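Next comes protein-v5.pdb, a file with PDB, C-alpha atoms and all ligand atoms.
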```
MODEL        1
ATOM      1  CA  MET A   1      10.764  10.642 -10.444
ATOM      2  CA  ILE A   2       7.967  11.817  -8.192
ATOM      3  CA  LYS A   3       6.891  10.236  -4.921
ATOM      4  CA  THR A   4       3.207  10.648  -4.115
ATOM      5  CA  THR A   5       1.716  10.156  -0.663
ATOM      6  CA  LEU A   6      -2.047   9.884  -0.310
ATOM      7  CA  LYS A   7      -3.787  10.237   3.038
ATOM      8  CA  ILE A   8      -6.900   8.087   2.768
ATOM      9  CA  ASP A   9      -9.899   7.631   5.058
ATOM     10  CA  GLY A  10     -11.804   4.355   5.233
ATOM     11  CA  MET A  11      -9.231   1.583   4.745
ATOM     12  CA  MET A  12      -9.961  -1.165   7.282
ATOM     13  CA  CYS A  13      -7.947  -4.188   6.144
ATOM     14  CA  GLY A  14      -5.690  -5.725   3.525
ATOM     15  CA  MET A  15      -8.561  -5.955   1.023
ATOM     16  CA  CYS A  16      -9.026  -2.203   1.217
ATOM     17  CA  GLU A  17      -5.305  -1.738   0.643
ATOM     18  CA  ALA A  18      -5.548  -3.935  -2.473
ATOM     19  CA  HIS A  19      -8.517  -1.914  -3.781
ATOM     20  CA  ILE A  20      -6.580   1.319  -3.404
ATOM     21  CA  ASN A  21      -3.490  -0.182  -5.040
ATOM     22  CA  ASP A  22      -5.656  -1.247  -8.015
ATOM     23  CA  VAL A  23      -7.054   2.277  -8.363
ATOM     24  CA  ILE A  24      -3.570   3.783  -8.261
ATOM     25  CA  ARG A  25      -2.293   1.361 -10.927
ATOM     26  CA  LYS A  26      -5.273   2.173 -13.178
ATOM     27  CA  VAL A  27      -4.955   5.953 -12.873
ATOM     28  CA  VAL A  28      -1.149   5.955 -12.950
ATOM     29  CA  PRO A  29      -0.111   3.066 -15.240
ATOM     30  CA  ASP A  30       3.610   3.648 -14.664
ATOM     31  CA  ALA A  31       3.281   3.738 -10.868
ATOM     32  CA  LYS A  32       5.958   1.783  -9.063
ATOM     33  CA  LYS A  33       6.425   0.818  -5.415
ATOM     34  CA  VAL A  34       2.652   1.015  -4.899
ATOM     35  CA  LYS A  35       2.023   0.511  -1.192
ATOM     36  CA  SER A  36      -0.985   1.063   1.016
ATOM     37  CA  SER A  37      -1.324   0.767   4.773
ATOM     38  CA  HIS A  38      -4.715   0.720   6.482
ATOM     39  CA  THR A  39      -3.040   1.213   9.869
ATOM     40  CA  LYS A  40      -1.361   4.407   8.678
ATOM     41  CA  GLY A  41      -4.289   5.403   6.438
ATOM     42  CA  GLU A  42      -1.750   6.085   3.743
ATOM     43  CA  SER A  43      -0.780   5.023   0.221
ATOM     44  CA  THR A  44       2.470   5.794  -1.537
ATOM     45  CA  PHE A  45       3.834   5.266  -5.030
ATOM     46  CA  VAL A  46       6.545   6.523  -7.326
ATOM     47  CA  SER A  47       6.013   7.643 -10.951
ATOM     48  CA  GLU A  48       7.932   9.386 -13.728
ATOM     49  CA  GLN A  49       5.469  12.259 -14.099
ATOM     50  CA  GLU A  50       3.437  14.215 -11.620
ATOM     51  CA  PRO A  51       0.189  12.204 -11.336
ATOM     52  CA  ASP A  52      -3.280  13.617 -12.016
ATOM     53  CA  LYS A  53      -4.336  14.389  -8.448
ATOM     54  CA  GLU A  54      -7.957  15.191  -9.344
ATOM     55  CA  GLU A  55      -8.397  11.875 -11.129
ATOM     56  CA  ILE A  56      -6.917   9.941  -8.209
ATOM     57  CA  ILE A  57      -9.267  11.681  -5.778
ATOM     58  CA  VAL A  58     -12.306  10.975  -7.990
ATOM     59  CA  LYS A  59     -11.445   7.316  -8.676
ATOM     60  CA  VAL A  60     -10.645   6.584  -5.048
ATOM     61  CA  ALA A  61     -13.976   8.176  -4.052
ATOM     62  CA  GLU A  62     -15.784   5.949  -6.599
ATOM     63  CA  THR A  63     -14.238   2.950  -4.848
ATOM     64  CA  GLY A  64     -15.661   4.096  -1.513
ATOM     65  CA  TYR A  65     -12.740   5.778   0.185
ATOM     66  CA  THR A  66     -11.844   9.404   0.810
ATOM     67  CA  VAL A  67      -8.547  11.029  -0.131
ATOM     68  CA  LYS A  68      -7.790  13.628   2.529
ATOM     69  CA  SER A  69      -4.575  14.899   1.004
ATOM     70  CA  VAL A  70      -2.158  14.307  -1.846
ATOM     71  CA  ILE A  71       1.490  15.185  -1.342
ATOM     72  CA  THR A  72       4.037  15.005  -4.156
ATOM     73  CA  GLU A  73       7.768  15.362  -3.691
ATOM     74  CA  PRO A  74      10.867  14.609  -5.755
ATOM     75  CA  TYR A  75      11.927  11.019  -5.341
ATOM     76  CA  THR A  76      15.627  10.362  -5.122
ATOM     77  CA  LYS A  77      17.048   6.933  -4.758
ATOM     78  CA  LYS A  78      19.223   6.647  -1.742
ATOM     79  CA  PHE A  79      22.615   5.207  -2.473
ATOM     80  CA  LEU A  80      24.720   3.603   0.152
ATOM     81  CA  LYS A  81      28.329   4.161  -0.720
ATOM     82  CA  LEU A  82      30.804   1.735   0.727
ATOM     83  CA  PHE A  83      34.492   2.447   0.454
TER      84      PHE A  83
HETATM   85 CU    CU B 101     -11.013  -3.756   4.101
ENDMDL
END
```
If you took the structure in this file and wrote it as structure tokens, what would it be?
Amino acid sequence: MIKTTLKIDGMMCGMCEAHINDVIRKVVPDAKKVKSSHTKGESTFVSEQEPDKEEIIVKVAETGYTVKSVITEPYTKKFLKLF
């Protein structure tokens, strides 16, 4: 699993967040935990494969926003062990 963090310019409200989430789901059909925050200027999601960064940047730009950076990192579920 890969966690992707997008730094995005131009999100102003919840509608913008929804637009970005829609773009992410279209470009990365298996994306899970899709979340966007206009206050942080950031979107995150988790997917099985490394996403196509170029396509995300292009599609987000077509929607009217600017991707400033794309960061991917291994996603590991955190387990809380109770004994
Ligand atoms: Cu908005």
Exercise for the section: Select, from A:Ala31, A:Met12, A:Ile2, A:Val70, the residue with the minimum atom-to-atom distance to A:Ile57, counting only C-alpha atoms. Expected result: A:Val70
Handout entry: At most 12 Å from ligand CU 101 (chain B) (only C-alpha atoms and all ligand atoms): residue list as a ChimeraX atom specification
Key = /A:9-20,36-39,41,63-65
Exercise for the section: Could you check which of A:Leu6, A:Val60, A:Ile71, A:Val46 is closest to A:Asp22, using only C-alpha atoms? Expected result: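 Result for the nearest residue to A:Asp22: A:Val60.
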Handout entry: All residues 8 Å or closer to A:Thr72, all atoms listed in the file, same chain fewer than 5 positions away omitted, as a PyMOL selection string
Key = chain A and resi 2-5+50
Atoms kept (C-alpha atoms) for selection, written as a PDB file, keeping the file's coordinate frame:
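Ended up saving to selection-v3.pdb:
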```
ATOM      1  CA  ILE A   2       7.967  11.817  -8.192  1.00  0.00           C
ATOM      2  CA  LYS A   3       6.891  10.236  -4.921  1.00  0.00           C
ATOM      3  CA  THR A   4       3.207  10.648  -4.115  1.00  0.00           C
ATOM      4  CA  THR A   5       1.716  10.156  -0.663  1.00  0.00           C
ATOM      5  CA  GLU A  50       3.437  14.215 -11.620  1.00  0.00           C
TER       6      GLU A  50
END
```
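For the pair atom CA of A:Glu42 and atom CA of A:Ile8, the separation is 5.6 Å.
Interatomic distance, atom CA of A:Gln49 against atom CA of A:Val27: 12.2 Å.
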